[in-house]
Every structure is written in structure tokens, then in C-alpha cells.
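Below: entry30.pdb (PDB, C-alpha atoms)
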```pdb
ATOM      1  CA  MET R   8     107.716  81.250  83.989
ATOM      2  CA  LYS R   9     107.170  80.424  80.371
ATOM      3  CA  LEU R  10     108.801  77.117  79.374
ATOM      4  CA  HIS R  11     109.822  76.145  75.848
ATOM      5  CA  TRP R  12     111.106  72.730  74.807
ATOM      6  CA  ILE R  13     112.206  71.003  71.644
ATOM      7  CA  TRP R  14     110.879  67.486  72.150
ATOM      8  CA  ASN R  15     108.818  65.344  74.447
ATOM      9  CA  TYR R  16     110.953  62.679  76.123
ATOM     10  CA  LEU R  17     109.403  59.288  76.881
ATOM     11  CA  PRO R  18     111.121  57.469  79.783
ATOM     12  CA  THR R  19     112.788  54.161  78.937
ATOM     13  CA  ARG R  20     110.336  52.087  80.968
ATOM     14  CA  TYR R  21     107.842  52.644  78.135
ATOM     15  CA  GLU R  22     107.894  51.110  74.683
ATOM     16  CA  ALA R  23     108.935  53.712  72.159
ATOM     17  CA  SER R  24     108.466  54.368  68.484
ATOM     18  CA  GLU R  25     111.442  54.806  66.172
ATOM     19  CA  GLN R  26     111.114  58.604  66.531
ATOM     20  CA  GLU R  27     110.941  58.383  70.339
ATOM     21  CA  TRP R  28     114.120  56.271  70.315
ATOM     22  CA  ARG R  29     115.797  58.861  68.088
ATOM     23  CA  ILE R  30     114.888  61.598  70.580
ATOM     24  CA  ARG R  31     116.113  59.502  73.524
ATOM     25  CA  LYS R  32     119.471  58.983  71.851
ATOM     26  CA  MET R  33     119.854  62.674  70.994
ATOM     27  CA  VAL R  34     119.043  63.639  74.590
ATOM     28  CA  TRP R  35     121.498  61.064  75.981
ATOM     29  CA  ASN R  36     124.197  62.263  73.568
ATOM     30  CA  PHE R  37     123.504  65.880  74.552
ATOM     31  CA  LYS R  38     123.938  64.989  78.227
ATOM     32  CA  ASP R  39     127.275  63.377  77.270
ATOM     33  CA  GLY R  40     128.509  66.528  75.527
ATOM     34  CA  GLN R  41     127.652  65.545  71.958
ATOM     35  CA  SER R  42     125.387  68.351  70.831
ATOM     36  CA  ASP R  43     123.670  67.372  67.605
ATOM     37  CA  PRO R  44     123.492  70.283  65.119
ATOM     38  CA  GLU R  45     119.708  69.869  65.098
ATOM     39  CA  ILE R  46     119.577  70.634  68.832
ATOM     40  CA  ILE R  47     121.785  73.711  68.444
ATOM     41  CA  GLU R  48     119.660  74.980  65.573
ATOM     42  CA  LYS R  49     116.394  74.464  67.466
ATOM     43  CA  LEU R  50     117.749  76.067  70.659
ATOM     44  CA  ALA R  51     118.975  79.039  68.603
ATOM     45  CA  GLN R  52     115.540  79.424  67.017
ATOM     46  CA  ILE R  53     113.865  79.448  70.427
ATOM     47  CA  ILE R  54     116.368  81.981  71.803
ATOM     48  CA  GLU R  55     115.889  84.261  68.788
ATOM     49  CA  GLY R  56     112.114  83.943  69.181
ATOM     50  CA  ILE R  57     112.338  85.006  72.812
ATOM     51  CA  ALA R  58     114.904  87.804  72.426
ATOM     52  CA  GLY R  59     113.683  89.200  69.122
ATOM     53  CA  GLY R  60     115.412  92.477  68.354
ATOM     54  CA  ASN R  61     116.379  93.066  72.002
ATOM     55  CA  LYS R  62     119.363  90.702  72.138
ATOM     56  CA  HIS R  63     121.425  93.057  74.311
ATOM     57  CA  ASP R  64     118.764  92.858  77.079
ATOM     58  CA  TYR R  65     119.095  89.068  77.368
ATOM     59  CA  VAL R  66     121.589  86.572  78.720
ATOM     60  CA  VAL R  67     121.562  82.816  78.265
ATOM     61  CA  CYS R  68     122.717  80.550  81.071
ATOM     62  CA  PHE R  69     122.338  76.908  82.029
ATOM     63  CA  ILE R  70     121.085  74.819  84.944
ATOM     64  CA  PRO R  71     124.301  73.181  86.164
ATOM     65  CA  ALA R  72     124.767  69.444  85.720
ATOM     66  CA  SER R  73     125.632  67.250  88.722
ATOM     67  CA  SER R  74     129.311  68.253  88.625
ATOM     68  CA  GLU R  75     131.444  71.060  87.226
ATOM     69  CA  SER R  76     133.101  68.682  84.764
ATOM     70  CA  LYS R  77     129.709  67.468  83.487
ATOM     71  CA  THR R  78     128.483  71.056  83.164
ATOM     72  CA  ILE R  79     131.531  71.960  81.080
ATOM     73  CA  LEU R  80     131.223  68.797  78.986
ATOM     74  CA  ARG R  81     127.514  69.328  78.373
ATOM     75  CA  TYR R  82     127.318  73.076  77.861
ATOM     76  CA  ALA R  83     130.651  74.742  76.994
ATOM     77  CA  ASN R  84     130.473  74.042  73.263
ATOM     78  CA  VAL R  85     126.716  74.644  73.208
ATOM     79  CA  ALA R  86     127.214  78.078  74.791
ATOM     80  CA  ILE R  87     129.794  79.094  72.194
ATOM     81  CA  GLN R  88     127.626  77.930  69.293
ATOM     82  CA  LEU R  89     124.464  79.574  70.622
ATOM     83  CA  GLU R  90     126.175  82.913  71.194
ATOM     84  CA  ARG R  91     127.619  82.816  67.658
ATOM     85  CA  LYS R  92     124.274  81.911  66.099
ATOM     86  CA  THR R  93     122.051  84.273  68.095
ATOM     87  CA  GLY R  94     124.230  87.159  69.231
ATOM     88  CA  VAL R  95     122.825  86.769  72.763
ATOM     89  CA  ALA R  96     125.436  86.760  75.561
ATOM     90  CA  THR R  97     125.807  83.173  76.768
ATOM     91  CA  THR R  98     127.725  81.760  79.734
ATOM     92  CA  ILE R  99     128.170  78.560  81.702
ATOM     93  CA  ASP R 100     129.836  80.393  84.617
ATOM     94  CA  ALA R 101     127.021  82.571  85.982
ATOM     95  CA  ILE R 102     125.345  79.662  87.805
ATOM     96  CA  THR R 103     127.566  76.966  89.277
ATOM     97  CA  ARG R 104     127.041  74.053  91.604
ATOM     98  CA  THR R 105     128.241  74.427  95.209
ATOM     99  CA  SER R 106     129.387  70.785  95.226
ATOM    100  CA  GLU R 107     129.052  67.642  93.170
ATOM    101  CA  THR R 108     125.776  65.810  93.614
ATOM    102  CA  THR R 109     124.080  62.634  92.564
ATOM    103  CA  PRO R 110     121.892  63.429  89.541
ATOM    104  CA  ASN R 111     118.171  63.680  90.381
ATOM    105  CA  CYS R 112     117.407  60.690  88.186
ATOM    106  CA  CYS R 113     119.504  58.529  90.517
ATOM    107  CA  ARG R 114     118.209  59.885  93.846
ATOM    108  CA  ALA R 115     115.259  58.655  95.848
ATOM    109  CA  ALA R 116     112.451  61.196  95.855
ATOM    110  CA  SER R 117     112.964  61.713  99.608
ATOM    111  CA  ASP R 118     116.624  62.692  98.993
ATOM    112  CA  ARG R 119     115.890  65.390  96.435
ATOM    113  CA  GLN R 120     116.192  69.030  97.382
ATOM    114  CA  VAL R 121     112.951  70.914  97.959
ATOM    115  CA  ASP R 122     114.857  73.905  96.559
ATOM    116  CA  PRO R 123     117.360  72.557  94.003
ATOM    117  CA  ALA R 124     118.780  76.050  93.452
ATOM    118  CA  ALA R 125     120.014  76.001  97.054
ATOM    119  CA  GLU R 126     122.848  73.867  95.623
ATOM    120  CA  PHE R 127     123.858  76.646  93.182
ATOM    121  CA  ASN R 128     126.108  79.691  93.378
ATOM    122  CA  PHE R 129     124.950  82.701  91.376
ATOM    123  CA  SER R 130     127.002  85.570  89.926
ATOM    124  CA  ILE R 131     124.457  88.039  91.215
ATOM    125  CA  SER R 132     125.753  91.116  89.375
ATOM    126  CA  TYR R 133     125.533  89.235  86.080
ATOM    127  CA  PHE R 134     121.740  88.986  86.319
ATOM    128  CA  ARG R 135     120.818  92.413  87.691
ATOM    129  CA  GLY R 136     118.550  94.173  85.208
ATOM    130  CA  LYS R 137     118.749  91.344  82.672
ATOM    131  CA  LYS R 138     116.226  89.120  81.005
ATOM    132  CA  VAL R 139     117.407  85.542  81.394
ATOM    133  CA  ILE R 140     116.940  82.566  79.104
ATOM    134  CA  LEU R 141     117.610  79.564  81.322
ATOM    135  CA  ILE R 142     118.472  76.286  79.578
ATOM    136  CA  ASP R 143     118.278  72.751  80.971
ATOM    137  CA  ASP R 144     118.695  69.390  79.291
ATOM    138  CA  VAL R 145     115.500  67.662  80.461
ATOM    139  CA  VAL R 146     112.619  69.065  82.495
ATOM    140  CA  THR R 147     110.447  66.551  84.309
ATOM    141  CA  GLN R 148     108.632  68.312  87.149
ATOM    142  CA  GLY R 149     110.410  71.630  86.650
ATOM    143  CA  ARG R 150     111.646  72.040  90.236
ATOM    144  CA  SER R 151     115.183  73.072  89.246
ATOM    145  CA  MET R 152     113.883  75.502  86.664
ATOM    146  CA  ILE R 153     111.310  77.072  89.004
ATOM    147  CA  SER R 154     113.617  77.385  92.018
ATOM    148  CA  THR R 155     116.372  78.846  89.828
ATOM    149  CA  GLU R 156     113.913  81.334  88.357
ATOM    150  CA  ARG R 157     112.931  82.473  91.876
ATOM    151  CA  ARG R 158     116.568  83.070  92.794
ATOM    152  CA  LEU R 159     117.310  84.888  89.541
ATOM    153  CA  ARG R 160     114.404  87.258  90.151
ATOM    154  CA  MET R 161     115.568  87.736  93.745
ATOM    155  CA  TYR R 162     118.997  88.673  92.343
ATOM    156  CA  GLY R 163     117.563  91.273  89.991
ATOM    157  CA  ALA R 164     116.628  89.478  86.765
ATOM    158  CA  THR R 165     113.703  91.308  85.196
ATOM    159  CA  ASP R 166     112.361  88.278  83.342
ATOM    160  CA  VAL R 167     113.177  84.573  83.105
ATOM    161  CA  GLU R 168     112.106  82.124  80.401
ATOM    162  CA  GLY R 169     112.999  78.456  80.516
ATOM    163  CA  VAL R 170     114.160  76.315  77.614
ATOM    164  CA  ALA R 171     114.703  72.556  77.673
ATOM    165  CA  VAL R 172     116.014  70.156  75.091
ATOM    166  CA  ALA R 173     113.252  67.784  76.207
ATOM    167  CA  ARG R 174     110.273  67.661  78.513
ATOM    168  CA  THR R 175     109.518  64.329  80.118
ATOM    169  CA  VAL R 176     106.116  62.914  79.322
ATOM    170  CA  ASN R 177     104.737  60.007  81.250
ATOM    171  CA  PRO R 178     101.708  58.068  80.039
ATOM    172  CA  ASP R 179     100.898  57.214  83.677
ATOM    173  CA  TRP R 180     100.451  60.883  84.628
ATOM    174  CA  ASN R 181      97.208  62.700  83.958
TER     175      ASN R 181
END
```

How does the structure come out when it is put into C-alpha cells?
Amino acid sequence: MKLHWIWNYLPTRYEASEQEWRIRKMVWNFKDGQSDPEIIEKLAQIIEGIAGGNKHDYVVCFIPASSESKTILRYANVAIQLERKTGVATTIDAITRTSETTPNCCRAASDRQVDPAAEFNFSISYFRGKKVILIDDVVTQGRSMISTERRLRMYGATDVEGVAVARTVNPDWN
């Protein structure tokens, strides 16, 4: 899967520049449902770059947050704005969480799902024959994105591209 992202996100355990702090705050605000116009504009540009002139072949959907209420808070307004700006069908209802969970950032590595998409319900007919642009807030290792892509292809999506507001970078990783 091809993955696009707006910014690199430096975890808080590392000293950050003024710009890195700005990005952290925008990401945190996004997670809390405050979508900065800059984020919407950059997401729209990426979506338009992917879909090109074939907007009717694509759908945009989101990796669910840890609860339905957080998913709605985080993505409902974003979905409306992105569909208006790009003309690409956008929904927050095609992938939902089976139950509320503890966010990955707060779980021990041993408690995390090997297949995070096993915790999701999919509107299978929605994806059949479609090219999917899958959006997440932050991608660290990409497990949610990759396992969701596998399921989408299993359910008939013809192509899946991932988009994240931020990609975690870690100076300790090679």
C-alpha cells in the first residue's frame, strides 16, 4: 500500500523544535476534533492527487478511533469538508469499531491486536469495486492501516492508498 502523510510527528519524549511543537499541537487538536484548516487543505490536496480525474471511482473512509464518540468527534466534520473540497465520496460509517477499546498508545505492546482490523466492522458492499483512500490520524508502525487494507481488498476494494495526518518518527529507530 502506498502511504502519504502531511507531517512527521516526533514523540514527546524527545526535545522538539518550535515547528515540531506546532505539529504536535495540531495533531493533538485534530485527535480532539479540532481540525485546523491547514490539515483539511493538505488532506484535500493529497486526495485530489490520488483520485485525479477519476473521483467517482474513489471513496474516502477513516480508521476508527478507540470509540464511536471519538470517531465522530475526530472525523465527522473532516469528512464533510473533504467531500465538499474534493468531490470524492467520504464517510465515517463504512468502517466502525466492534466495541470501545483502549487506544494503542495506552496499551502494552503485548496487549495490542496482531490484526487491529479484527476489531472493525466493514460495510462490505460499500467497498466492492471501489478504490479506497483510507485516512488515519497518526501512523507509527502502520499495523492498523495494513490490516485494514487487507480486509478492504478481501471485501472487493480494487485499490487502497493510505493517508495520515502524521507519521511517527523516532530518532532511536534505524

Practice task
Just the residues within 12 Å of Lys62 of chain R, please, counting only C-alpha atoms, with nothing from its chain fewer than 6 positions along; format it as a ChimeraX atom specification.
Solution key: /R:54-56,90,92-97,137-140

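Taking only C-alpha atoms into account, Ile57 of chain R lies nearest to R:Leu10 out of the set R:Leu10, R:Val146, R:Leu159, R:Val121.
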
Handout entry: Shell of 8 Å around Leu141 of chain R, all atoms listed in the file, local chain residues under 4 positions omitted, as a ChimeraX atom specification
Key = /R:67-70,152,167-170

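You can rank R:Arg150, R:His11, R:Arg20, R:Arg91 by their closest distance to Ile47 of chain R using all atoms listed in the file, and at the top of that list sits R:Arg91.
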
Any chance you could work out the axis-aligned box around segment 134-140 of chain R, listed atoms only, 3 Å on each side, giving centre and edge lengths in Å to one decimal, as JSON?
```
{"center_x": 119.0, "center_y": 88.4, "center_z": 83.4, "size_x": 11.5, "size_y": 17.6, "size_z": 14.6}
```

Exercise: Arg104 of chain R partners within 8 Å, all atoms listed in the file, chain neighbours under 4 positions left out, as a PDB file with C-alpha atoms, keeping the file's coordinate frame:
```pdb
ATOM      1  CA  PRO R  71     124.301  73.181  86.164  1.00  0.00           C
ATOM      2  CA  ALA R  72     124.767  69.444  85.720  1.00  0.00           C
ATOM      3  CA  SER R  73     125.632  67.250  88.722  1.00  0.00           C
ATOM      4  CA  SER R  74     129.311  68.253  88.625  1.00  0.00           C
ATOM      5  CA  GLU R  75     131.444  71.060  87.226  1.00  0.00           C
ATOM      6  CA  GLU R 126     122.848  73.867  95.623  1.00  0.00           C
ATOM      7  CA  PHE R 127     123.858  76.646  93.182  1.00  0.00           C
ATOM      8  CA  ASN R 128     126.108  79.691  93.378  1.00  0.00           C
TER       9      ASN R 128
END
```

Practice task
For each of R:Gln148, R:Gln52, R:Asn15, R:Gln41, take the minimum atom-to-atom distance to Ala83 of chain R, counting only C-alpha atoms, then give the residue where this is smallest.
Solution key: R:Gln41

Practice task
Take the PyMOL selection byres ((chain R and resi 101) around 7), apply it to the structure above, and return the hits as a PyMOL selection string.
Solution key: chain R and resi 68+98-100+102-103+129-130+133
